[in-house]
>>> print(open('model.csv').read())   # CSV, C-alpha atoms and all ligand atoms
chain,number,residue,atom,x,y,z
O,187,MET,CA,92.6,11.9,196.5
O,188,SER,CA,91.5,14.1,193.6
O,189,PHE,CA,88.3,15.8,194.1
O,190,GLU,CA,88.6,18.8,191.7
O,191,ASN,CA,86.2,17.2,189.2
O,192,ILE,CA,83.3,16.3,191.6
O,193,ARG,CA,80.1,18.4,191.3
O,194,VAL,CA,76.9,18.5,193.1
O,195,ASN,CA,73.8,16.8,191.7
O,196,GLY,CA,71.6,19.7,190.4
O,197,SER,CA,68.5,17.6,190.0
O,198,ARG,CA,68.8,16.2,193.5
O,199,LEU,CA,69.2,19.7,194.8
O,200,ARG,CA,66.1,20.8,192.9
O,201,ALA,CA,64.1,17.9,194.2
O,202,SER,CA,65.0,18.8,197.8
O,203,LEU,CA,64.1,22.4,197.3
O,204,GLU,CA,60.8,21.4,195.7
O,205,GLU,CA,60.0,18.9,198.5
O,206,MET,CA,60.7,21.7,201.1
O,207,ALA,CA,58.5,24.2,199.1
O,208,LYS,CA,55.5,21.9,199.6
O,209,ILE,CA,55.7,22.5,203.3
O,210,GLY,CA,53.8,25.7,203.9
O,211,ALA,CA,53.1,26.2,200.2
O,212,THR,CA,50.9,29.2,199.5
O,213,PRO,CA,48.4,29.5,196.6
O,214,GLY,CA,50.6,32.2,195.1
O,215,GLY,CA,53.6,29.9,194.6
O,216,GLY,CA,55.6,30.9,197.7
O,217,VAL,CA,55.9,29.4,201.2
O,218,GLN,CA,54.8,30.5,204.6
O,219,ARG,CA,56.9,28.8,207.2
O,220,LEU,CA,57.0,31.1,210.2
O,221,THR,CA,59.5,30.3,212.9
O,222,LEU,CA,58.4,27.5,215.2
O,223,SER,CA,55.1,27.1,213.5
O,224,ASP,CA,53.7,23.6,212.6
O,225,GLU,CA,55.2,24.1,209.1
O,226,ASP,CA,58.6,25.0,210.5
O,227,LYS,CA,58.4,21.8,212.5
O,228,ARG,CA,57.5,19.6,209.5
O,229,ALA,CA,60.4,21.1,207.5
O,230,ARG,CA,62.8,20.6,210.4
O,231,ASP,CA,61.7,17.0,210.8
O,232,LEU,CA,62.4,16.3,207.1
O,233,PHE,CA,65.7,18.1,207.3
O,234,VAL,CA,66.8,16.0,210.3
O,235,GLN,CA,65.6,12.8,208.6
O,236,TRP,CA,67.7,13.7,205.5
O,237,LEU,CA,70.7,14.4,207.8
O,238,ARG,CA,70.4,11.1,209.5
O,239,GLU,CA,70.1,9.3,206.1
O,240,ILE,CA,73.7,10.3,205.3
O,241,ASP,CA,74.9,9.5,208.8
O,242,THR,CA,75.6,12.9,210.1
O,243,GLU,CA,75.5,13.4,213.8
O,244,VAL,CA,72.5,15.6,214.6
O,245,THR,CA,72.5,18.0,217.6
O,246,ILE,CA,69.7,20.4,218.6
O,247,ASP,CA,70.6,23.3,220.9
O,248,GLN,CA,68.6,25.3,223.4
O,249,MET,CA,67.6,27.8,220.7
O,250,GLY,CA,66.4,25.0,218.4
O,251,ASN,CA,69.4,25.4,216.1
O,252,ILE,CA,69.9,22.2,214.2
O,253,PHE,CA,73.5,21.0,213.5
O,254,GLY,CA,74.4,18.1,211.3
O,255,ARG,CA,78.0,17.1,211.7
O,256,ARG,CA,80.0,14.9,209.2
O,257,SER,CA,83.2,13.6,210.7
O,258,GLY,CA,86.6,14.5,209.3
O,259,ARG,CA,89.8,12.5,209.4
O,260,ASP,CA,90.9,14.5,212.4
O,261,ASN,CA,87.9,15.4,214.5
O,262,SER,CA,90.0,17.4,216.9
O,263,LEU,CA,90.3,20.1,214.2
O,264,ALA,CA,87.7,22.9,214.2
O,265,PRO,CA,85.0,22.1,211.7
O,266,VAL,CA,84.1,24.0,208.6
O,267,MET,CA,80.5,25.2,208.9
O,268,THR,CA,77.8,26.2,206.5
O,269,GLY,CA,74.0,26.8,206.6
O,270,SER,CA,71.3,29.3,206.7
O,271,HIS,CA,67.6,29.2,207.7
O,272,ILE,CA,64.5,27.1,207.1
O,273,ASP,CA,62.0,29.7,208.3
O,274,SER,CA,60.3,32.2,206.0
O,275,GLN,CA,58.5,35.5,205.8
O,276,PRO,CA,54.7,35.5,205.8
O,277,LYS,CA,53.9,34.7,202.2
O,278,GLY,CA,57.6,34.5,201.5
O,279,GLY,CA,59.6,32.8,198.8
O,280,ARG,CA,60.9,29.3,198.1
O,281,PHE,CA,64.6,30.1,198.1
O,282,ASP,CA,65.4,32.6,200.9
O,283,GLY,CA,67.3,30.7,203.5
O,284,ILE,CA,66.3,27.2,202.4
O,285,LEU,CA,68.7,27.4,199.5
O,286,GLY,CA,71.6,27.7,201.9
O,287,VAL,CA,70.4,24.7,204.0
O,288,MET,CA,69.5,22.5,201.0
O,289,GLY,CA,72.7,23.6,199.2
O,290,GLY,CA,74.7,22.6,202.2
O,291,LEU,CA,72.8,19.2,202.4
O,292,GLU,CA,73.6,18.7,198.7
O,293,VAL,CA,77.3,19.3,199.4
O,294,LEU,CA,77.2,16.7,202.2
O,295,ARG,CA,75.4,14.2,200.0
O,296,THR,CA,77.9,14.7,197.2
O,297,LEU,CA,80.8,14.1,199.6
O,298,VAL,CA,79.2,10.9,200.8
O,299,GLU,CA,78.4,9.7,197.3
O,300,HIS,CA,82.0,10.3,196.1
O,301,ASN,CA,83.5,8.9,199.3
O,302,VAL,CA,85.4,12.1,200.0
O,303,GLN,CA,87.0,12.2,203.4
O,304,THR,CA,87.9,15.7,204.5
O,305,GLU,CA,90.5,16.5,207.1
O,306,ARG,CA,88.1,18.6,209.2
O,307,PRO,CA,84.6,17.8,210.2
O,308,ILE,CA,81.8,19.7,208.3
O,309,VAL,CA,78.8,21.1,210.1
O,310,LEU,CA,75.6,22.1,208.4
O,311,VAL,CA,73.2,24.3,210.4
O,312,ASP,CA,69.6,25.5,210.3
O,313,TRP,CA,69.5,28.7,212.4
O,314,THR,CA,66.2,29.3,214.3
O,315,ASN,CA,64.3,32.5,213.6
O,316,GLU,CA,66.5,34.3,211.0
O,317,GLU,CA,63.5,36.2,209.6
O,318,GLY,CA,62.4,37.9,212.8
O,319,SER,CA,58.9,38.3,211.4
O,320,ARG,CA,57.2,36.2,214.0
O,321,PHE,CA,59.6,36.9,216.9
O,322,ALA,CA,61.7,40.2,216.6
O,323,PRO,CA,64.5,40.7,216.2
O,324,ALA,CA,65.9,38.9,213.1
O,325,MET,CA,68.9,36.5,213.4
O,326,LEU,CA,67.9,35.8,216.9
O,327,ALA,CA,69.3,32.4,217.4
O,328,SER,CA,72.6,32.9,215.6
O,329,GLY,CA,72.9,36.0,217.8
O,330,VAL,CA,72.5,33.9,221.0
O,331,TRP,CA,74.9,31.3,219.7
O,332,ALA,CA,77.5,34.0,219.0
O,333,GLY,CA,77.1,35.3,222.5
O,334,ARG,CA,75.7,38.6,221.4
O,335,LEU,CA,72.1,38.1,222.6
O,336,ASP,CA,71.0,36.7,225.9
O,337,LEU,CA,69.3,33.3,226.0
O,338,GLU,CA,66.6,34.2,228.6
O,339,TRP,CA,65.8,37.5,226.7
O,340,ALA,CA,65.5,35.5,223.5
O,341,TYR,CA,63.2,32.9,225.2
O,342,ASN,CA,60.8,35.7,226.3
O,343,ARG,CA,60.4,37.2,222.9
O,344,ARG,CA,56.6,37.1,222.1
O,345,ASP,CA,54.7,36.9,218.8
O,346,VAL,CA,51.6,39.0,218.1
O,347,ASN,CA,49.4,36.5,219.9
O,348,GLY,CA,51.6,36.8,223.1
O,349,LYS,CA,53.1,33.3,222.7
O,350,ARG,CA,56.7,33.1,224.0
O,351,LEU,CA,59.4,31.8,221.9
O,352,VAL,CA,60.5,29.2,224.5
O,353,ASP,CA,57.0,27.8,224.7
O,354,GLU,CA,56.8,27.4,221.0
O,355,LEU,CA,60.2,25.8,220.9
O,356,GLU,CA,59.0,23.2,223.4
O,357,ARG,CA,55.6,22.8,221.7
O,358,ILE,CA,57.2,21.7,218.4
O,359,GLY,CA,59.9,19.6,220.2
O,360,TYR,CA,62.9,21.6,219.2
O,361,LYS,CA,64.2,22.9,222.6
O,362,GLY,CA,67.3,20.9,222.6
O,363,PRO,CA,69.8,20.0,225.3
O,364,ALA,CA,73.0,21.4,223.8
O,365,PRO,CA,74.1,24.8,225.0
O,366,ALA,CA,73.4,27.6,222.5
O,367,SER,CA,76.9,28.9,222.6
O,368,GLN,CA,79.7,29.1,220.1
O,369,TRP,CA,82.5,26.6,219.6
O,370,PRO,CA,85.6,27.0,217.5
O,371,VAL,CA,84.8,27.1,213.7
O,372,HIS,CA,87.6,27.1,211.1
O,373,ALA,CA,85.5,28.8,208.4
O,374,TYR,CA,81.8,29.6,207.9
O,375,TYR,CA,80.2,29.9,204.4
O,376,GLU,CA,76.6,30.9,203.9
O,377,TYR,CA,75.0,30.3,200.5
O,378,HIS,CA,72.0,32.6,199.9
O,379,ILE,CA,70.0,34.2,197.1
O,380,GLU,CA,71.0,37.8,196.3
O,381,GLN,CA,67.5,39.3,197.1
O,382,GLY,CA,68.3,42.2,194.8
O,383,PRO,CA,68.6,42.8,191.0
O,384,VAL,CA,72.3,43.4,190.6
O,385,LEU,CA,73.5,39.9,189.4
O,386,GLU,CA,70.7,39.7,186.9
O,387,GLN,CA,71.4,43.2,185.6
O,388,LYS,CA,75.1,42.5,185.2
O,389,GLY,CA,74.5,39.0,183.8
O,390,LYS,CA,76.7,37.3,186.4
O,391,THR,CA,76.1,33.9,188.0
O,392,ILE,CA,77.9,34.2,191.4
O,393,GLY,CA,77.8,37.2,193.7
O,394,VAL,CA,80.6,37.4,196.3
O,395,PRO,CA,79.8,40.1,198.9
O,396,LYS,CA,82.7,41.7,200.7
O,397,GLY,CA,80.4,42.2,203.7
O,398,ILE,CA,77.1,43.5,204.9
O,399,TYR,CA,76.0,47.1,205.1
O,400,CYS,CA,75.6,48.9,208.4
O,401,LEU,CA,72.0,49.2,209.5
O,402,HIS,CA,70.6,52.2,211.4
O,403,TRP,CA,67.0,52.3,212.6
O,404,TYR,CA,65.1,55.3,213.9
O,405,ASP,CA,61.6,55.8,215.2
O,406,LEU,CA,59.9,59.2,214.8
O,407,ASP,CA,56.7,60.6,216.4
O,408,LEU,CA,55.1,63.8,215.2
O,409,GLU,CA,52.4,65.7,217.1
O,410,GLY,CA,49.9,67.9,215.3
O,411,THR,CA,46.6,69.3,216.2
O,412,ALA,CA,43.4,67.4,215.4
O,413,ASN,CA,40.4,69.2,214.0
O,414,GLN,CA,37.4,68.9,211.8
O,415,VAL,CA,38.7,69.1,208.2
O,416,GLY,CA,35.7,71.2,206.8
O,417,PRO,CA,35.5,74.2,209.1
O,418,THR,CA,39.3,74.5,209.7
O,419,PRO,CA,41.1,76.8,207.2
O,420,MET,CA,44.3,75.6,205.6
O,421,ALA,CA,46.3,78.4,207.1
O,422,GLY,CA,47.4,77.7,210.6
O,423,ARG,CA,46.9,73.9,210.5
O,424,HIS,CA,49.3,71.6,212.3
O,425,ASP,CA,48.9,68.6,210.1
O,426,ALA,CA,51.2,65.8,211.4
O,427,LEU,CA,50.7,63.7,208.2
O,428,CYS,CA,51.8,66.5,205.9
O,429,ALA,CA,54.9,67.1,208.0
O,430,ALA,CA,55.6,63.3,207.8
O,431,ALA,CA,55.1,63.4,204.0
O,432,GLU,CA,57.8,66.1,203.6
O,433,MET,CA,60.1,64.2,205.9
O,434,ILE,CA,59.7,60.9,204.0
O,435,LEU,CA,60.7,62.5,200.8
O,436,LYS,CA,63.8,63.9,202.5
O,437,VAL,CA,64.7,60.4,203.4
O,438,ASN,CA,64.2,59.2,199.9
O,439,GLU,CA,66.5,62.0,198.5
O,440,LEU,CA,69.2,61.3,201.1
O,441,PRO,CA,71.2,58.6,199.3
O,442,GLU,CA,71.6,60.7,196.1
O,443,LYS,CA,72.7,63.6,198.2
O,444,MET,CA,75.2,61.6,200.3
O,445,GLY,CA,76.5,59.2,197.6
O,446,GLY,CA,78.5,56.1,198.6
O,447,GLY,CA,75.9,53.5,197.5
O,448,MET,CA,73.7,54.3,200.5
O,449,VAL,CA,70.0,53.2,200.7
O,450,ALA,CA,67.4,54.9,202.9
O,451,THR,CA,63.8,53.9,203.4
O,452,VAL,CA,60.6,54.8,205.3
O,453,GLY,CA,58.8,51.4,205.4
O,454,GLU,CA,56.3,51.8,208.2
O,455,ILE,CA,53.9,54.6,209.1
O,456,HIS,CA,51.0,54.9,211.5
O,457,ASN,CA,48.6,57.8,211.1
O,458,HIS,CA,46.2,58.8,213.9
O,459,PRO,CA,43.2,58.9,214.0
O,460,ASN,CA,43.4,57.9,210.3
O,461,SER,CA,40.0,59.3,209.6
O,462,ARG,CA,39.1,61.1,206.4
O,463,ASN,CA,37.5,64.1,208.2
O,464,ILE,CA,40.0,64.7,211.0
O,465,ILE,CA,43.3,66.5,210.6
O,466,PRO,CA,46.0,64.0,211.7
O,467,ASP,CA,47.4,64.7,215.1
O,468,GLN,CA,49.8,61.8,215.6
O,469,VAL,CA,52.1,60.1,213.1
O,470,HIS,CA,54.7,57.5,213.8
O,471,PHE,CA,57.1,56.4,211.1
O,472,THR,CA,60.4,54.6,210.8
O,473,VAL,CA,63.7,55.4,209.0
O,474,ASP,CA,66.1,52.7,207.9
O,475,ILE,CA,69.6,53.8,206.6
O,476,ARG,CA,72.1,51.3,205.2
O,477,SER,CA,75.6,51.9,203.9
O,478,TRP,CA,79.0,50.3,203.7
O,479,ASP,CA,80.3,53.5,205.4
O,480,ASP,CA,79.2,53.7,209.1
O,481,ASP,CA,80.3,57.4,209.4
O,482,LEU,CA,78.6,58.4,206.2
O,483,ALA,CA,75.3,56.8,207.5
O,484,ILE,CA,75.7,58.8,210.7
O,485,ARG,CA,76.3,62.0,208.8
O,486,ALA,CA,73.3,61.3,206.6
O,487,TRP,CA,71.2,60.9,209.7
O,488,GLU,CA,72.4,64.2,211.1
O,489,ASP,CA,71.7,65.9,207.9
O,490,VAL,CA,68.1,64.5,207.6
O,491,ARG,CA,67.5,65.1,211.2
O,492,ASN,CA,68.1,68.8,210.7
O,493,ASP,CA,65.7,68.8,207.8
O,494,PHE,CA,63.1,67.0,210.1
O,495,GLN,CA,63.5,69.7,212.7
O,496,ALA,CA,63.1,72.5,210.2
O,497,ILE,CA,59.9,70.9,208.8
O,498,ALA,CA,58.6,70.2,212.3
O,499,ASP,CA,59.2,73.9,213.3
O,500,ARG,CA,57.6,75.3,210.2
O,501,ARG,CA,54.5,73.2,210.5
O,502,GLY,CA,54.2,73.5,214.2
O,503,CYS,CA,54.3,69.8,214.7
O,504,PRO,CA,56.8,68.9,217.5
O,505,ILE,CA,58.9,65.8,216.7
O,506,ARG,CA,60.2,63.1,219.1
O,507,ILE,CA,63.1,61.0,217.8
O,508,GLU,CA,64.4,57.7,219.0
O,509,GLU,CA,67.6,56.2,217.7
O,510,THR,CA,66.4,52.6,217.9
O,511,TRP,CA,69.2,50.3,216.6
O,512,ARG,CA,72.6,50.6,215.1
O,513,VAL,CA,74.7,47.8,213.7
O,514,CYS,CA,78.0,48.5,212.2
O,515,HIS,CA,78.9,47.3,208.7
O,516,THR,CA,80.3,43.8,208.7
O,517,PRO,CA,83.3,43.0,206.5
O,518,PHE,CA,83.8,39.3,205.7
O,519,ASP,CA,87.1,37.5,205.9
O,520,GLU,CA,89.3,38.6,203.0
O,521,VAL,CA,90.9,35.2,202.5
O,522,LEU,CA,87.6,33.4,202.3
O,523,VAL,CA,86.1,36.1,200.0
O,524,ARG,CA,89.0,35.6,197.7
O,525,ARG,CA,88.7,31.9,198.0
O,526,VAL,CA,85.0,32.0,197.0
O,527,THR,CA,85.8,34.3,194.0
O,528,GLU,CA,88.7,32.1,192.8
O,529,THR,CA,86.6,28.9,193.3
O,530,ALA,CA,83.8,30.3,191.2
O,531,ARG,CA,86.1,31.3,188.4
O,532,GLU,CA,87.9,27.9,188.5
O,533,LEU,CA,84.5,26.3,188.0
O,534,GLY,CA,83.9,28.5,185.0
O,535,TYR,CA,81.2,30.8,186.5
O,536,THR,CA,81.0,34.6,186.0
O,537,VAL,CA,81.6,36.4,189.3
O,538,HIS,CA,80.5,39.8,190.6
O,539,PRO,CA,82.0,41.4,193.7
O,540,MET,CA,79.3,43.2,195.7
O,541,VAL,CA,78.0,44.1,199.1
O,542,SER,CA,75.0,42.7,200.9
O,543,GLY,CA,72.3,45.2,201.7
O,544,ALA,CA,70.4,42.6,203.8
O,545,GLY,CA,71.4,41.1,207.1
O,546,HIS,CA,72.1,37.4,207.4
O,547,ASP,CA,73.1,34.9,210.1
O,548,ALA,CA,76.6,35.4,208.6
O,549,SER,CA,76.6,38.8,210.3
O,550,TYR,CA,76.9,37.2,213.7
O,551,MET,CA,79.1,34.5,212.4
O,552,THR,CA,81.8,37.0,211.5
O,553,MET,CA,82.2,37.6,215.2
O,554,CYS,CA,83.0,33.9,215.7
O,555,ALA,CA,84.8,32.7,212.7
O,556,PRO,CA,86.3,33.7,209.3
O,557,THR,CA,83.1,34.1,207.2
O,558,ALA,CA,82.1,34.6,203.6
O,559,MET,CA,78.9,34.3,201.6
O,560,ILE,CA,77.9,33.1,198.1
O,561,PHE,CA,75.0,34.8,196.3
O,562,ALA,CA,72.9,33.3,193.5
O,563,PRO,CA,70.8,35.7,191.3
O,564,SER,CA,67.2,36.5,192.1
O,565,ILE,CA,65.0,36.7,189.1
O,566,GLY,CA,63.7,40.2,188.8
O,567,GLY,CA,65.5,41.0,192.0
O,568,ARG,CA,62.4,39.9,193.9
O,569,SER,CA,62.6,38.5,197.4
O,570,HIS,CA,60.4,38.1,200.6
O,571,VAL,CA,57.5,37.6,198.1
O,572,GLU,CA,55.8,34.6,196.7
O,573,VAL,CA,57.2,35.1,193.2
O,574,GLU,CA,60.8,34.9,194.5
O,575,ARG,CA,62.7,32.7,192.1
O,576,THR,CA,66.2,31.6,191.2
O,577,THR,CA,66.9,29.4,188.2
O,578,TRP,CA,67.8,25.7,188.9
O,579,GLU,CA,71.0,26.2,186.9
O,580,ASP,CA,72.0,29.1,189.2
O,581,CYS,CA,71.0,27.1,192.3
O,582,GLU,CA,73.3,24.3,191.1
O,583,ALA,CA,76.2,26.7,190.3
O,584,GLY,CA,76.2,28.3,193.7
O,585,ALA,CA,76.1,24.9,195.4
O,586,ASN,CA,79.2,23.9,193.4
O,587,VAL,CA,81.0,27.0,194.5
O,588,LEU,CA,79.9,26.1,198.1
O,589,LEU,CA,81.1,22.6,197.7
O,590,HIS,CA,84.6,23.5,196.5
O,591,SER,CA,85.0,26.4,198.9
O,592,ILE,CA,84.1,24.1,201.8
O,593,LEU,CA,86.5,21.4,200.4
O,594,LYS,CA,89.4,23.8,200.3
O,595,SER,CA,88.8,24.9,203.9
O,596,ALA,CA,88.1,21.4,205.1
O,597,MET,CA,91.4,20.1,203.7
O,598,GLU,CA,93.4,22.7,205.5
O,599,VAL,CA,95.4,21.3,208.5
O,600,GLU,CA,97.6,24.3,209.2
O,601,HIS,CA,96.7,24.3,212.9
O,602,THR,CA,98.3,20.8,213.3
O,603,ALA,CA,101.7,21.0,214.9
O,604,VAL,CA,104.5,20.3,212.4
O,605,GLY,CA,107.8,18.8,213.4
O,701,ZN,ZN,67.5,34.7,204.3
>>> encode(input="model.csv", output="structure tokens")
Amino acid sequence: MSFENIRVNGSRLRASLEEMAKIGATPGGGVQRLTLSDEDKRARDLFVQWLREIDTEVTIDQMGNIFGRRSGRDNSLAPVMTGSHIDSQPKGGRFDGILGVMGGLEVLRTLVEHNVQTERPIVLVDWTNEEGSRFAPAMLASGVWAGRLDLEWAYNRRDVNGKRLVDELERIGYKGPAPASQWPVHAYYEYHIEQGPVLEQKGKTIGVPKGIYCLHWYDLDLEGTANQVGPTPMAGRHDALCAAAEMILKVNELPEKMGGGMVATVGEIHNHPNSRNIIPDQVHFTVDIRSWDDDLAIRAWEDVRNDFQAIADRRGCPIRIEETWRVCHTPFDEVLVRRVTETARELGYTVHPMVSGAGHDASYMTMCAPTAMIFAPSIGGRSHVEVERTTWEDCEAGANVLLHSILKSAMEVEHTAVG
């Protein structure tokens, strides 16, 4: 059977994305589909309905992950898997996550339409709570599925209103019976928007990340001395906010100092008592350092930590440091990365090799199966905002790369015994 010339249906993909974008649509043109909210349930229901319409076998696991399985010729072979997430950030965009799920659905619809029978089964997945904005941490359910996070621990994660994840799973009817634990997967492809400006700047259509940056998180608490701002002379103050301000700039300067394509960010700060006429006495802030090079990220941290200590000493504001979370960089499977690159070129698309600065469910999937990702350009590099956009042409291009990458993997039978 020749399948080189088949392509996804771009307008059908667009229609599914537009239909999904109505669920939780925000006035600013984005979507708000927080994990296990009513909107998430409606989007899941529609996704399951669409899966059933093309006769895939639908399974829901204990974490609410939804799997749609299309049979292969030999169902004893490990399936090829693809997918992403339906949940969104608060006031998030219409493409983050859902593009990978609708892109995978479009691949399955195309295979059905062209009567393509693959050797291996193909499984399309919606991972629960990728975003982590309602229940921390991110990538929670793929982490449980991969055996890296504990199910009971995940069940007891709470949102800001104190609601437990497991209760919300039950409430929306997506606490499934299947165990949330991994099975053999032949290859995992995740199709996603880039969420950065590189592809647009380079004028390329398909991004192929070689992996995901390491991620190091730190929490810092500074202690100053509160006092009335008027009568207290400038000399001798212990102003915790000024100490933090100096430290934040050190973090900002760190990537240029260290090199290696590192990024470093202070994204969260709490100032106490946050009053215009009291010298701040307690400041909490976070540091996020990401790099392809784990050791470089550690050296950068040691470097900036020395600066922090010097600033704290000079300003008389003792500092407490917590090394909160470290995830090593995640290289994807070289064979699959090459396959995605070659496939995109064969289809006539321009390709840019890159690295993902953002975490994805693919991070946990690398621990279970050979994994690769396909990136589509983000207009203006914007993501996690309502104006997040990708052109329909680019959405279609990425889905074609997904289709043919999946086909190549799903036609492989090398694990079959040969005489
Ligand atoms: Zn995402």
>>> residues_near_ligand(input="model.csv", ligand="ligand ZN 701 (chain O)", cutoff="7 Å", atoms="only C-alpha atoms and all ligand atoms", output="list in words")
His271, Asp282, Gly283, Glu316, Glu317, His378 and His546 of chain O
>>> atom_distance(input="model.csv", atom1="CA of Pro363 (chain O)", atom2="CA of Gln248 (chain O)")
5.8 Å
>>> residues_near_point(input="model.csv", point="(79.2, 45.9, 206.2)", cutoff="9 Å", atoms="all atoms listed in the file", output="number ranges by chain")
O: 396-401, 476-480, 513-518, 541-543, 549
>>> atom_distance(input="model.csv", atom1="CA of Leu291 (chain O)", atom2="CA of Thr304 (chain O)")
15.6 Å
>>> closest_atom_pairs(input="model.csv", of="region 352-435 of chain O", to="region 202-225 of chain O", cutoff="9 Å", atoms="all atoms listed in the file", output="tab-separated table")
residue	atom	partner	partner_atom	distance
O:Glu354	CA	O:Leu222	CA	6.0
O:Leu355	CA	O:Leu222	CA	6.2
O:Arg357	CA	O:Leu222	CA	8.5
O:Ile358	CA	O:Leu222	CA	6.7
O:Tyr360	CA	O:Leu222	CA	8.4
>>> atom_distance(input="model.csv", atom1="CA of Thr451 (chain O)", atom2="CA of Ala558 (chain O)")
26.6 Å
>>> residues_around(input="model.csv", residues="Phe253 (chain O)", least_positions_apart="3", cutoff="10 Å", atoms="all atoms listed in the file", output="count of residues only")
19
>>> residues_near_point(input="model.csv", point="(62.4, 72.3, 217.8)", cutoff="9 Å", atoms="all atoms listed in the file", output="list in words")
Gln495, Ala496, Ala498, Asp499, Pro504 and Ile505 of chain O
>>> closest_residue(input="model.csv", among="O:Val537, O:Ile464, O:Cys581, O:Ala229", to="Gly389 (chain O)", atoms="only C-alpha atoms")
O:Val537
>>> closest_residue(input="model.csv", among="O:Val571, O:Leu337, O:Ala412, O:Met553", to="Arg462 (chain O)", atoms="only C-alpha atoms")
O:Ala412
>>> closest_residue(input="model.csv", among="O:Ser262, O:Ala332, O:Ile252, O:Val287", to="Thr314 (chain O)", atoms="all atoms listed in the file")
O:Ile252
>>> closest_residue(input="model.csv", among="O:Leu427, O:Gly290, O:Thr391, O:Ala373", to="Pro459 (chain O)", atoms="all atoms listed in the file")
O:Leu427
